[in-house]
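Coordinates as given in final.pdb (PDB, C-alpha atoms and all ligand atoms):
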ATOM      1  CA  MET A   1    -152.751  58.859  58.857
ATOM      2  CA  GLN A   2    -154.854  56.306  57.005
ATOM      3  CA  LYS A   3    -153.223  54.321  54.180
ATOM      4  CA  LEU A   4    -155.151  52.745  51.335
ATOM      5  CA  THR A   5    -154.373  50.888  48.142
ATOM      6  CA  ILE A   6    -156.969  51.164  45.429
ATOM      7  CA  ASN A   7    -156.562  48.516  42.743
ATOM      8  CA  GLU A   8    -159.572  49.487  40.642
ATOM      9  CA  SER A   9    -159.110  51.828  37.666
ATOM     10  CA  ARG A  10    -161.447  54.622  38.821
ATOM     11  CA  LEU A  11    -161.661  56.852  41.878
ATOM     12  CA  LEU A  12    -164.293  59.514  42.607
ATOM     13  CA  VAL A  13    -163.330  62.423  44.880
ATOM     14  CA  PHE A  14    -165.613  65.049  46.364
ATOM     15  CA  GLY A  15    -165.378  67.783  48.964
ATOM     16  CA  GLY A  16    -167.598  69.716  51.349
ATOM     17  CA  PRO A  17    -171.083  68.206  51.596
ATOM     18  CA  TYR A  18    -171.777  71.070  54.063
ATOM     19  CA  GLY A  19    -175.064  69.588  55.318
ATOM     20  CA  ASN A  20    -176.504  69.693  51.798
ATOM     21  CA  LEU A  21    -178.508  66.480  51.910
ATOM     22  CA  ALA A  22    -180.010  66.626  48.401
ATOM     23  CA  ALA A  23    -176.577  67.109  46.801
ATOM     24  CA  THR A  24    -175.031  64.332  48.872
ATOM     25  CA  ARG A  25    -177.836  61.932  47.964
ATOM     26  CA  GLN A  26    -177.367  62.819  44.306
ATOM     27  CA  LEU A  27    -173.615  62.264  44.496
ATOM     28  CA  ARG A  28    -174.096  58.872  46.115
ATOM     29  CA  GLU A  29    -176.553  57.982  43.377
ATOM     30  CA  ARG A  30    -174.014  59.139  40.745
ATOM     31  CA  ALA A  31    -171.352  56.876  42.269
ATOM     32  CA  ARG A  32    -173.798  53.962  42.208
ATOM     33  CA  PHE A  33    -174.675  54.726  38.577
ATOM     34  CA  LEU A  34    -170.958  54.730  37.731
ATOM     35  CA  GLY A  35    -170.573  51.340  39.399
ATOM     36  CA  LEU A  36    -168.167  52.624  42.058
ATOM     37  CA  ALA A  37    -167.838  50.741  45.344
ATOM     38  CA  PRO A  38    -167.502  52.777  48.568
ATOM     39  CA  SER A  39    -163.768  51.970  48.511
ATOM     40  CA  GLN A  40    -163.504  53.891  45.197
ATOM     41  CA  VAL A  41    -164.885  57.136  46.642
ATOM     42  CA  ILE A  42    -163.081  59.616  48.935
ATOM     43  CA  CYS A  43    -164.449  62.741  50.647
ATOM     44  CA  SER A  44    -162.065  65.546  51.620
ATOM     45  CA  GLY A  45    -164.093  66.625  54.671
ATOM     46  CA  ASP A  46    -166.521  69.276  55.990
ATOM     47  CA  LEU A  47    -169.607  67.071  56.030
ATOM     48  CA  VAL A  48    -171.457  69.587  58.177
ATOM     49  CA  ALA A  49    -171.496  73.332  57.476
ATOM     50  CA  TYR A  50    -173.658  75.945  55.763
ATOM     51  CA  CYS A  51    -176.806  73.999  54.798
ATOM     52  CA  GLY A  52    -179.869  72.873  56.690
ATOM     53  CA  ASP A  53    -179.480  69.093  57.106
ATOM     54  CA  PRO A  54    -176.300  68.471  59.107
ATOM     55  CA  VAL A  55    -177.339  65.276  60.889
ATOM     56  CA  GLU A  56    -178.951  63.586  57.886
ATOM     57  CA  THR A  57    -175.967  64.400  55.672
ATOM     58  CA  LEU A  58    -173.446  63.136  58.196
ATOM     59  CA  GLU A  59    -175.389  59.911  58.712
ATOM     60  CA  LEU A  60    -175.746  59.374  54.965
ATOM     61  CA  VAL A  61    -171.980  59.624  54.431
ATOM     62  CA  ARG A  62    -171.300  57.486  57.469
ATOM     63  CA  ASP A  63    -173.753  54.838  56.262
ATOM     64  CA  TRP A  64    -172.122  54.895  52.808
ATOM     65  CA  GLY A  65    -168.868  53.709  54.384
ATOM     66  CA  ILE A  66    -166.455  55.732  52.223
ATOM     67  CA  PRO A  67    -163.068  57.051  53.442
ATOM     68  CA  VAL A  68    -163.397  60.621  54.779
ATOM     69  CA  VAL A  69    -160.645  63.108  55.658
ATOM     70  CA  MET A  70    -161.306  65.206  58.761
ATOM     71  CA  GLY A  71    -162.303  68.759  57.856
ATOM     72  CA  ASN A  72    -161.979  71.777  60.123
ATOM     73  CA  CYS A  73    -165.752  71.561  60.699
ATOM     74  CA  GLU A  74    -165.415  67.990  61.989
ATOM     75  CA  GLU A  75    -162.446  68.985  64.135
ATOM     76  CA  SER A  76    -164.299  71.905  65.708
ATOM     77  CA  LEU A  77    -167.570  70.057  66.276
ATOM     78  CA  ALA A  78    -165.827  66.967  67.665
ATOM     79  CA  ASN A  79    -163.962  69.118  70.163
ATOM     80  CA  ASP A  80    -166.993  71.295  70.928
ATOM     81  CA  GLU A  81    -164.992  74.380  69.930
ATOM     82  CA  ALA A  82    -166.539  77.847  70.036
ATOM     83  CA  ASP A  83    -166.522  78.253  66.230
ATOM     84  CA  CYS A  84    -166.085  76.345  62.975
ATOM     85  CA  GLY A  85    -162.334  76.893  62.714
ATOM     86  CA  CYS A  86    -162.667  77.822  59.042
ATOM     87  CA  GLY A  87    -159.917  80.409  59.304
ATOM     88  CA  PHE A  88    -162.147  83.400  58.595
ATOM     89  CA  ALA A  89    -160.854  86.795  59.731
ATOM     90  CA  PRO A  90    -162.459  87.957  63.020
ATOM     91  CA  ASN A  91    -165.642  90.011  62.483
ATOM     92  CA  SER A  92    -165.528  89.405  58.726
ATOM     93  CA  HIS A  93    -168.802  88.707  56.933
ATOM     94  CA  CYS A  94    -167.830  85.017  56.616
ATOM     95  CA  SER A  95    -167.079  84.806  60.311
ATOM     96  CA  LEU A  96    -170.393  86.374  61.335
ATOM     97  CA  LEU A  97    -172.366  84.197  58.911
ATOM     98  CA  ALA A  98    -170.664  81.054  60.180
ATOM     99  CA  VAL A  99    -171.929  81.640  63.706
ATOM    100  CA  THR A 100    -175.466  80.780  62.578
ATOM    101  CA  TRP A 101    -174.815  77.452  60.915
ATOM    102  CA  TYR A 102    -172.300  76.367  63.544
ATOM    103  CA  ARG A 103    -174.771  76.918  66.375
ATOM    104  CA  TYR A 104    -177.490  75.168  64.395
ATOM    105  CA  ALA A 105    -175.338  72.099  63.699
ATOM    106  CA  ALA A 106    -173.732  71.938  67.144
ATOM    107  CA  ALA A 107    -177.179  71.858  68.767
ATOM    108  CA  ARG A 108    -178.253  68.868  66.656
ATOM    109  CA  ILE A 109    -175.344  66.461  66.468
ATOM    110  CA  ASN A 110    -174.943  64.013  69.330
ATOM    111  CA  LEU A 111    -172.038  62.490  71.204
ATOM    112  CA  ASP A 112    -171.914  59.512  68.873
ATOM    113  CA  HIS A 113    -171.547  61.860  65.870
ATOM    114  CA  ARG A 114    -168.786  63.787  67.654
ATOM    115  CA  ARG A 115    -166.874  60.607  68.445
ATOM    116  CA  TRP A 116    -167.117  59.461  64.832
ATOM    117  CA  MET A 117    -165.828  62.832  63.624
ATOM    118  CA  ALA A 118    -163.002  62.818  66.161
ATOM    119  CA  ALA A 119    -161.785  59.476  64.820
ATOM    120  CA  LEU A 120    -161.463  60.672  61.204
ATOM    121  CA  PRO A 121    -157.918  60.757  59.779
ATOM    122  CA  ARG A 122    -156.291  64.140  59.092
ATOM    123  CA  ALA A 123    -154.718  62.719  55.963
ATOM    124  CA  ILE A 124    -155.198  59.668  53.781
ATOM    125  CA  ASP A 125    -152.320  58.272  51.712
ATOM    126  CA  VAL A 126    -153.495  56.368  48.672
ATOM    127  CA  GLU A 127    -151.659  54.202  46.162
ATOM    128  CA  PHE A 128    -153.659  54.384  42.955
ATOM    129  CA  ALA A 129    -152.723  53.710  39.347
ATOM    130  CA  GLY A 130    -149.038  53.557  40.197
ATOM    131  CA  ARG A 131    -149.136  57.033  41.759
ATOM    132  CA  SER A 132    -148.886  58.140  45.364
ATOM    133  CA  LEU A 133    -151.609  60.531  46.492
ATOM    134  CA  ARG A 134    -152.109  62.330  49.784
ATOM    135  CA  PHE A 135    -155.583  63.597  50.629
ATOM    136  CA  VAL A 136    -155.765  66.489  53.102
ATOM    137  CA  HIS A 137    -158.441  69.030  53.970
ATOM    138  CA  GLY A 138    -156.648  72.392  53.746
ATOM    139  CA  SER A 139    -152.985  71.812  53.080
ATOM    140  CA  LEU A 140    -150.139  69.641  54.256
ATOM    141  CA  ASP A 141    -149.474  72.025  57.128
ATOM    142  CA  SER A 142    -152.909  73.209  58.178
ATOM    143  CA  ILE A 143    -156.421  71.827  58.237
ATOM    144  CA  ASN A 144    -157.830  75.280  57.436
ATOM    145  CA  GLN A 145    -155.358  76.779  54.949
ATOM    146  CA  PHE A 146    -157.120  78.023  51.830
ATOM    147  CA  VAL A 147    -155.223  76.868  48.738
ATOM    148  CA  PHE A 148    -156.583  78.401  45.542
ATOM    149  CA  PRO A 149    -155.522  78.296  41.904
ATOM    150  CA  SER A 150    -153.776  81.647  42.489
ATOM    151  CA  THR A 151    -151.877  80.432  45.554
ATOM    152  CA  PRO A 152    -148.187  80.691  44.543
ATOM    153  CA  ARG A 153    -146.862  77.624  42.757
ATOM    154  CA  GLU A 154    -143.740  77.733  44.922
ATOM    155  CA  GLU A 155    -145.852  77.152  48.011
ATOM    156  CA  LYS A 156    -147.622  74.196  46.442
ATOM    157  CA  GLN A 157    -144.331  72.820  45.163
ATOM    158  CA  ALA A 158    -142.731  73.030  48.609
ATOM    159  CA  GLN A 159    -145.634  71.126  50.148
ATOM    160  CA  LEU A 160    -145.567  68.481  47.415
ATOM    161  CA  GLU A 161    -141.844  67.950  47.895
ATOM    162  CA  ARG A 162    -142.144  67.664  51.661
ATOM    163  CA  ALA A 163    -145.052  65.244  51.343
ATOM    164  CA  GLY A 164    -142.980  63.200  48.896
ATOM    165  CA  VAL A 165    -146.022  62.212  46.866
ATOM    166  CA  ASP A 166    -146.956  62.522  43.207
ATOM    167  CA  ILE A 167    -150.296  64.203  43.875
ATOM    168  CA  LEU A 168    -151.680  66.285  46.753
ATOM    169  CA  VAL A 169    -155.470  66.505  46.886
ATOM    170  CA  GLY A 170    -156.878  69.305  49.024
ATOM    171  CA  GLY A 171    -160.378  70.538  49.857
ATOM    172  CA  HIS A 172    -161.591  73.457  52.024
ATOM    173  CA  SER A 173    -161.364  76.261  49.440
ATOM    174  CA  GLY A 174    -164.548  75.312  47.536
ATOM    175  CA  ILE A 175    -163.063  75.912  44.066
ATOM    176  CA  PRO A 176    -162.331  72.960  41.756
ATOM    177  CA  PHE A 177    -158.932  73.069  40.065
ATOM    178  CA  GLY A 178    -155.814  71.141  39.094
ATOM    179  CA  GLN A 179    -152.265  72.353  38.495
ATOM    180  CA  ARG A 180    -149.138  70.626  37.268
ATOM    181  CA  ILE A 181    -146.127  71.623  39.363
ATOM    182  CA  GLY A 182    -142.973  70.098  37.871
ATOM    183  CA  ASP A 183    -143.759  66.417  37.568
ATOM    184  CA  ARG A 184    -146.259  66.540  40.454
ATOM    185  CA  TRP A 185    -149.851  67.724  40.734
ATOM    186  CA  TRP A 186    -152.080  69.693  43.087
ATOM    187  CA  LEU A 187    -155.771  68.838  42.779
ATOM    188  CA  ASN A 188    -158.999  70.045  44.368
ATOM    189  CA  ALA A 189    -162.306  68.348  43.603
ATOM    190  CA  GLY A 190    -164.391  71.386  44.555
ATOM    191  CA  VAL A 191    -167.361  70.862  46.868
ATOM    192  CA  ILE A 192    -170.859  69.450  46.542
ATOM    193  CA  GLY A 193    -172.439  71.497  49.338
ATOM    194  CA  MET A 194    -172.242  74.923  47.668
ATOM    195  CA  PRO A 195    -171.918  76.096  44.073
ATOM    196  CA  ALA A 196    -168.428  77.170  43.009
ATOM    197  CA  ASN A 197    -169.308  80.901  42.940
ATOM    198  CA  ASP A 198    -169.638  80.495  39.180
ATOM    199  CA  GLY A 199    -173.274  81.536  38.865
ATOM    200  CA  GLY A 200    -174.648  78.009  38.392
ATOM    201  CA  GLN A 201    -176.741  75.949  40.794
ATOM    202  CA  HIS A 202    -174.777  72.762  40.048
ATOM    203  CA  VAL A 203    -171.861  71.595  42.162
ATOM    204  CA  TRP A 204    -168.625  69.749  41.268
ATOM    205  CA  TYR A 205    -166.843  66.464  41.817
ATOM    206  CA  MET A 206    -163.695  64.871  40.388
ATOM    207  CA  LEU A 207    -162.921  61.527  38.759
ATOM    208  CA  LEU A 208    -159.501  59.884  38.411
ATOM    209  CA  GLU A 209    -159.239  57.145  35.820
ATOM    210  CA  ALA A 210    -156.253  54.944  34.984
ATOM    211  CA  ARG A 211    -155.701  54.474  31.242
ATOM    212  CA  ASP A 212    -153.050  52.359  29.510
ATOM    213  CA  ASP A 213    -150.725  55.291  28.957
ATOM    214  CA  ALA A 214    -151.884  57.995  31.381
ATOM    215  CA  LEU A 215    -153.902  58.918  34.442
ATOM    216  CA  GLU A 216    -156.839  61.132  33.526
ATOM    217  CA  VAL A 217    -158.368  63.593  35.983
ATOM    218  CA  SER A 218    -161.713  65.155  35.126
ATOM    219  CA  TRP A 219    -164.150  67.506  36.844
ATOM    220  CA  HIS A 220    -167.891  67.060  36.464
ATOM    221  CA  ARG A 221    -171.006  69.048  37.194
ATOM    222  CA  LEU A 222    -173.551  67.512  39.547
ATOM    223  CA  GLU A 223    -177.095  68.734  39.035
ATOM    224  CA  TYR A 224    -179.322  68.099  42.029
ATOM    225  CA  ASP A 225    -182.559  69.276  43.665
ATOM    226  CA  TYR A 226    -181.137  72.565  44.932
ATOM    227  CA  GLU A 227    -184.626  73.864  45.702
ATOM    228  CA  ALA A 228    -184.981  71.162  48.383
ATOM    229  CA  SER A 229    -181.722  72.295  49.968
ATOM    230  CA  TYR A 230    -182.761  75.936  49.570
ATOM    231  CA  ARG A 231    -185.947  75.258  51.558
ATOM    232  CA  SER A 232    -184.289  73.322  54.379
ATOM    233  CA  THR A 233    -181.432  75.838  54.669
ATOM    234  CA  LEU A 234    -183.861  78.750  54.731
ATOM    235  CA  ALA A 235    -186.024  76.992  57.331
ATOM    236  CA  ALA A 236    -182.902  76.461  59.452
ATOM    237  CA  GLY A 237    -182.369  80.220  59.529
ATOM    238  CA  MET A 238    -179.432  80.443  57.099
ATOM    239  CA  ALA A 239    -181.058  82.717  54.531
ATOM    240  CA  GLU A 240    -177.856  83.952  52.870
ATOM    241  CA  TYR A 241    -176.495  80.446  52.361
ATOM    242  CA  ALA A 242    -179.911  79.350  51.060
ATOM    243  CA  GLN A 243    -179.841  82.163  48.508
ATOM    244  CA  ALA A 244    -176.332  81.134  47.435
ATOM    245  CA  LEU A 245    -177.706  77.715  46.494
ATOM    246  CA  ARG A 246    -180.166  79.432  44.145
ATOM    247  CA  ASP A 247    -177.829  82.100  42.791
ATOM    248  CA  GLY A 248    -174.665  80.066  42.457
ATOM    249  CA  LEU A 249    -172.823  82.963  44.082
ATOM    250  CA  TRP A 250    -171.213  83.005  47.507
ATOM    251  CA  PRO A 251    -172.675  85.397  50.090
ATOM    252  CA  SER A 252    -169.204  86.743  50.820
ATOM    253  CA  MET A 253    -165.818  86.760  49.090
ATOM    254  CA  ASP A 254    -163.805  87.671  52.185
ATOM    255  CA  ILE A 255    -161.593  84.605  51.849
ATOM    256  CA  LEU A 256    -160.941  84.908  48.108
ATOM    257  CA  PRO A 257    -157.751  86.354  46.613
ATOM    258  CA  GLN A 258    -158.238  89.008  43.932
ATOM    259  CA  ALA A 259    -157.751  86.545  41.080
ATOM    260  CA  GLU A 260    -160.609  84.335  42.308
ATOM    261  CA  ARG A 261    -162.829  87.351  43.084
ATOM    262  CA  ARG A 262    -162.615  88.334  39.438
ATOM    263  CA  GLN A 263    -163.953  84.882  38.495
ATOM    264  CA  ARG A 264    -167.220  85.433  40.408
ATOM    265  CA  GLY A 265    -170.196  84.552  38.247
ATOM    266  CA  GLN A 266    -168.073  83.227  35.392
ATOM    267  CA  ALA A 267    -169.140  79.751  34.363
ATOM    268  CA  LEU A 268    -166.615  76.978  34.902
ATOM    269  CA  GLU A 269    -166.454  74.351  32.192
ATOM    270  CA  PRO A 270    -165.877  70.643  32.801
ATOM    271  CA  ALA A 271    -162.159  70.030  32.399
ATOM    272  CA  MET A 272    -159.729  67.157  32.015
ATOM    273  CA  LEU A 273    -156.048  66.830  32.839
ATOM    274  CA  THR A 274    -153.844  64.049  31.575
ATOM    275  CA  MET A 275    -150.943  62.843  33.649
ATOM    276  CA  PRO A 276    -148.660  61.046  31.215
ATOM    277  CA  GLY A 277    -147.046  57.722  32.009
ATOM    278  CA  SER A 278    -148.364  54.201  31.948
ATOM    279  CA  CYS A 279    -150.363  53.403  35.052
ATOM    280  CA  ALA A 280    -149.718  49.674  34.623
ATOM    281  CA  ARG A 281    -145.956  50.153  34.109
ATOM    282  CA  ARG A 282    -145.623  52.477  37.080
ATOM    283  CA  ALA A 283    -147.648  50.111  39.215
ATOM    284  CA  LEU A 284    -145.375  47.247  38.178
ATOM    285  CA  GLU A 285    -142.245  49.261  38.929
ATOM    286  CA  SER A 286    -143.519  50.277  42.338
ATOM    287  CA  ALA A 287    -144.292  46.648  43.145
ATOM    288  CA  VAL A 288    -140.768  45.414  42.266
TER     289      VAL A 288
HETATM  290 FE    FE A 301    -163.038  73.449  55.528
END
I'd like the structure from this file rewritten - as structure tokens, please.
Amino acid sequence: MQKLTINESRLLVFGGPYGNLAATRQLRERARFLGLAPSQVICSGDLVAYCGDPVETLELVRDWGIPVVMGNCEESLANDEADCGCGFAPNSHCSLLAVTWYRYAAARINLDHRRWMAALPRAIDVEFAGRSLRFVHGSLDSINQFVFPSTPREEKQAQLERAGVDILVGGHSGIPFGQRIGDRWWLNAGVIGMPANDGGQHVWYMLLEARDDALEVSWHRLEYDYEASYRSTLAAGMAEYAQALRDGLWPSMDILPQAERRQRGQALEPAMLTMPGSCARRALESAV
């Protein structure tokens, strides 16, 4: 468990670069444009997955020096496991597709990359704007649990209570969302390596900003050179993933609950949540 205190007023969160080098470059450029230091950016894991530039993407994030939560892809590659550990059902379309990218990535990363991935924390606890946040990849219990908007609130609530934090931030599921559960929150930034199955080529990231009287959470589109990632992913032999970058639609919905399947191709709009309560006051109280 890594523990951080972020004293600045803004924090950028993103998930799943997935070997999508053009998107990761664009996100880093966005953070620079926003004036965010590496200590104000957190990645929820899965640097290497479906797209064609695993090594370059991993090295870009590593060079950036931002905190990164271990994803199931890092765990599997670091341990030289037989598959990506995504939690796909055996012989499902997702499972069969994943064989291709996993072999491609595993053949290209070196021992130094594996050691770096093995040293990543499974969770990062962050004090920010007077709130306590825990960043995980899947859920509190499992690195590869898919937590979606439709996942029962009771399950999220139980995990939030056991974690004892104000906000749990997960990744892994690829869908950006935020839900208030009592006086706590479950957040997911979405991913930058694949579209959100919403029919657009853009990807998503999340910003947290401390205001005088509230903490604001907002989700933002990231436009990037998806044609560059299409070409490299196609050249790497992952044609269905390459097409998903162009179509904005996932090649398979095996992992999605019915509620999220019905959202396929429906455009997501940038959203904002407001968490009431003075950030400065809460920070002061927590310091006393
Ligand atoms: Fe994952």
Residues of chain A that approach ligand FE 301 (chain A) to 12 Å or less, counting only C-alpha atoms and all ligand atoms: could you list each one with the shortest pair of atoms and its distance in Å to one decimal, rows by chain and increasing residue number, as JSON lines?
{"residue": "A:Gly15", "atom": "CA", "partner": "A:FE301", "partner_atom": "FE", "distance": 9.0}
{"residue": "A:Gly16", "atom": "CA", "partner": "A:FE301", "partner_atom": "FE", "distance": 7.2}
{"residue": "A:Pro17", "atom": "CA", "partner": "A:FE301", "partner_atom": "FE", "distance": 10.4}
{"residue": "A:Tyr18", "atom": "CA", "partner": "A:FE301", "partner_atom": "FE", "distance": 9.2}
{"residue": "A:Cys43", "atom": "CA", "partner": "A:FE301", "partner_atom": "FE", "distance": 11.9}
{"residue": "A:Ser44", "atom": "CA", "partner": "A:FE301", "partner_atom": "FE", "distance": 8.9}
{"residue": "A:Gly45", "atom": "CA", "partner": "A:FE301", "partner_atom": "FE", "distance": 7.0}
{"residue": "A:Asp46", "atom": "CA", "partner": "A:FE301", "partner_atom": "FE", "distance": 5.5}
{"residue": "A:Leu47", "atom": "CA", "partner": "A:FE301", "partner_atom": "FE", "distance": 9.2}
{"residue": "A:Val48", "atom": "CA", "partner": "A:FE301", "partner_atom": "FE", "distance": 9.6}
{"residue": "A:Ala49", "atom": "CA", "partner": "A:FE301", "partner_atom": "FE", "distance": 8.7}
{"residue": "A:Tyr50", "atom": "CA", "partner": "A:FE301", "partner_atom": "FE", "distance": 10.9}
{"residue": "A:Val69", "atom": "CA", "partner": "A:FE301", "partner_atom": "FE", "distance": 10.6}
{"residue": "A:Met70", "atom": "CA", "partner": "A:FE301", "partner_atom": "FE", "distance": 9.0}
{"residue": "A:Gly71", "atom": "CA", "partner": "A:FE301", "partner_atom": "FE", "distance": 5.3}
{"residue": "A:Asn72", "atom": "CA", "partner": "A:FE301", "partner_atom": "FE", "distance": 5.0}
{"residue": "A:Cys73", "atom": "CA", "partner": "A:FE301", "partner_atom": "FE", "distance": 6.1}
{"residue": "A:Glu74", "atom": "CA", "partner": "A:FE301", "partner_atom": "FE", "distance": 8.8}
{"residue": "A:Glu75", "atom": "CA", "partner": "A:FE301", "partner_atom": "FE", "distance": 9.7}
{"residue": "A:Ser76", "atom": "CA", "partner": "A:FE301", "partner_atom": "FE", "distance": 10.4}
{"residue": "A:Cys84", "atom": "CA", "partner": "A:FE301", "partner_atom": "FE", "distance": 8.6}
{"residue": "A:Gly85", "atom": "CA", "partner": "A:FE301", "partner_atom": "FE", "distance": 8.0}
{"residue": "A:Cys86", "atom": "CA", "partner": "A:FE301", "partner_atom": "FE", "distance": 5.6}
{"residue": "A:Gly87", "atom": "CA", "partner": "A:FE301", "partner_atom": "FE", "distance": 8.5}
{"residue": "A:Phe88", "atom": "CA", "partner": "A:FE301", "partner_atom": "FE", "distance": 10.5}
{"residue": "A:Ala98", "atom": "CA", "partner": "A:FE301", "partner_atom": "FE", "distance": 11.7}
{"residue": "A:Val136", "atom": "CA", "partner": "A:FE301", "partner_atom": "FE", "distance": 10.4}
{"residue": "A:His137", "atom": "CA", "partner": "A:FE301", "partner_atom": "FE", "distance": 6.6}
{"residue": "A:Gly138", "atom": "CA", "partner": "A:FE301", "partner_atom": "FE", "distance": 6.7}
{"residue": "A:Ser139", "atom": "CA", "partner": "A:FE301", "partner_atom": "FE", "distance": 10.5}
{"residue": "A:Ser142", "atom": "CA", "partner": "A:FE301", "partner_atom": "FE", "distance": 10.5}
{"residue": "A:Ile143", "atom": "CA", "partner": "A:FE301", "partner_atom": "FE", "distance": 7.3}
{"residue": "A:Asn144", "atom": "CA", "partner": "A:FE301", "partner_atom": "FE", "distance": 5.8}
{"residue": "A:Gln145", "atom": "CA", "partner": "A:FE301", "partner_atom": "FE", "distance": 8.4}
{"residue": "A:Phe146", "atom": "CA", "partner": "A:FE301", "partner_atom": "FE", "distance": 8.3}
{"residue": "A:Val147", "atom": "CA", "partner": "A:FE301", "partner_atom": "FE", "distance": 10.9}
{"residue": "A:Gly170", "atom": "CA", "partner": "A:FE301", "partner_atom": "FE", "distance": 9.9}
{"residue": "A:Gly171", "atom": "CA", "partner": "A:FE301", "partner_atom": "FE", "distance": 6.9}
{"residue": "A:His172", "atom": "CA", "partner": "A:FE301", "partner_atom": "FE", "distance": 3.8}
{"residue": "A:Ser173", "atom": "CA", "partner": "A:FE301", "partner_atom": "FE", "distance": 6.9}
{"residue": "A:Gly174", "atom": "CA", "partner": "A:FE301", "partner_atom": "FE", "distance": 8.3}
{"residue": "A:Ile175", "atom": "CA", "partner": "A:FE301", "partner_atom": "FE", "distance": 11.7}
{"residue": "A:Gly190", "atom": "CA", "partner": "A:FE301", "partner_atom": "FE", "distance": 11.2}
{"residue": "A:Val191", "atom": "CA", "partner": "A:FE301", "partner_atom": "FE", "distance": 10.0}
{"residue": "A:Gly193", "atom": "CA", "partner": "A:FE301", "partner_atom": "FE", "distance": 11.4}
{"residue": "A:Ile255", "atom": "CA", "partner": "A:FE301", "partner_atom": "FE", "distance": 11.8}
I want to know what sits within 9 Å of Gln157 of chain A, based on all atoms listed in the file, with residues of the same chain fewer than 6 positions away left out; could you give that as a PDB file with C-alpha atoms, keeping the file's coordinate frame?
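So the final result, stored in around_3.pdb, reads:
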ATOM      1  CA  ILE A 181    -146.127  71.623  39.363  1.00  0.00           C
ATOM      2  CA  GLY A 182    -142.973  70.098  37.871  1.00  0.00           C
ATOM      3  CA  ARG A 184    -146.259  66.540  40.454  1.00  0.00           C
ATOM      4  CA  TRP A 185    -149.851  67.724  40.734  1.00  0.00           C
ATOM      5  CA  TRP A 186    -152.080  69.693  43.087  1.00  0.00           C
TER       6      TRP A 186
END
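Each of A:Cys51, A:Ala22, A:Ala119, A:Ile66 was compared to Trp101 of chain A using all atoms listed in the file, and A:Cys51 turns out to be the nearest.
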Best match for closeness to Met272 of chain A among A:Gln179, A:Ser150, A:Gln201, A:Thr100, counting only C-alpha atoms: A:Gln179
Spatial neighbours of Val169 of chain A, 8 Å, all atoms listed in the file, chain gap at least 4 places, as a list in words: Leu133, Arg134, Phe135, Val136, Trp186, Leu187, Asn188 and Ala189 of chain A
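What the PyMOL selection byres (((chain A and resi 62) around 12) and not hetatm) grabs from this file is A:Thr24, A:Arg28, A:Pro38, A:Cys43, A:Gly45, A:Leu47, A:Val55, A:Glu56, A:Thr57, A:Leu58, A:Glu59, A:Leu60, A:Val61, A:Asp63, A:Trp64, A:Gly65, A:Ile66, A:Pro67, A:Val68, A:Asp112, A:His113, A:Trp116, A:Met117, A:Leu120.
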Could those residues be written to a file, using C-alpha atoms, as an mmCIF file, in the frame of the given file?
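Output saved as part.cif:
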data_model
loop_
_atom_site.group_PDB
_atom_site.id
_atom_site.type_symbol
_atom_site.label_atom_id
_atom_site.label_comp_id
_atom_site.auth_asym_id
_atom_site.auth_seq_id
_atom_site.Cartn_x
_atom_site.Cartn_y
_atom_site.Cartn_z
ATOM 1 C CA THR A 24 -175.031 64.332 48.872
ATOM 2 C CA ARG A 28 -174.096 58.872 46.115
ATOM 3 C CA PRO A 38 -167.502 52.777 48.568
ATOM 4 C CA CYS A 43 -164.449 62.741 50.647
ATOM 5 C CA GLY A 45 -164.093 66.625 54.671
ATOM 6 C CA LEU A 47 -169.607 67.071 56.030
ATOM 7 C CA VAL A 55 -177.339 65.276 60.889
ATOM 8 C CA GLU A 56 -178.951 63.586 57.886
ATOM 9 C CA THR A 57 -175.967 64.400 55.672
ATOM 10 C CA LEU A 58 -173.446 63.136 58.196
ATOM 11 C CA GLU A 59 -175.389 59.911 58.712
ATOM 12 C CA LEU A 60 -175.746 59.374 54.965
ATOM 13 C CA VAL A 61 -171.980 59.624 54.431
ATOM 14 C CA ASP A 63 -173.753 54.838 56.262
ATOM 15 C CA TRP A 64 -172.122 54.895 52.808
ATOM 16 C CA GLY A 65 -168.868 53.709 54.384
ATOM 17 C CA ILE A 66 -166.455 55.732 52.223
ATOM 18 C CA PRO A 67 -163.068 57.051 53.442
ATOM 19 C CA VAL A 68 -163.397 60.621 54.779
ATOM 20 C CA ASP A 112 -171.914 59.512 68.873
ATOM 21 C CA HIS A 113 -171.547 61.860 65.870
ATOM 22 C CA TRP A 116 -167.117 59.461 64.832
ATOM 23 C CA MET A 117 -165.828 62.832 63.624
ATOM 24 C CA LEU A 120 -161.463 60.672 61.204
#
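Proximity to Gly199 of chain A was assessed for A:Arg246, A:Arg103, A:Arg32, A:Arg231 counting all atoms listed in the file; the smallest distance is recorded for A:Arg246.
Evaluated against this file, the PyMOL selection byres (((chain A and resi 234) around 12) and not hetatm) yields Tyr50, Cys51, Gly52, Asp53, Thr100, Trp101, Tyr226, Glu227, Ala228, Ser229, Tyr230, Arg231, Ser232, Thr233, Ala235, Ala236, Gly237, Met238, Ala239, Glu240, Tyr241, Ala242, Gln243, Ala244, Leu245 and Arg246 of chain A.
When the PyMOL selection byres (((chain A and resi 164) around 12) and not hetatm) is evaluated against the file, it yields Asp125, Arg131, Ser132, Leu133, Arg134, Leu140, Gln157, Ala158, Gln159, Leu160, Glu161, Arg162, Ala163, Val165, Asp166, Ile167, Leu168, Asp183, Arg184 and Trp185 of chain A.
Distances from A:Leu96, A:Leu256, A:Leu77, A:Ala82 to Asn110 of chain A were compared using only C-alpha atoms, and the smallest one belongs to A:Leu77.
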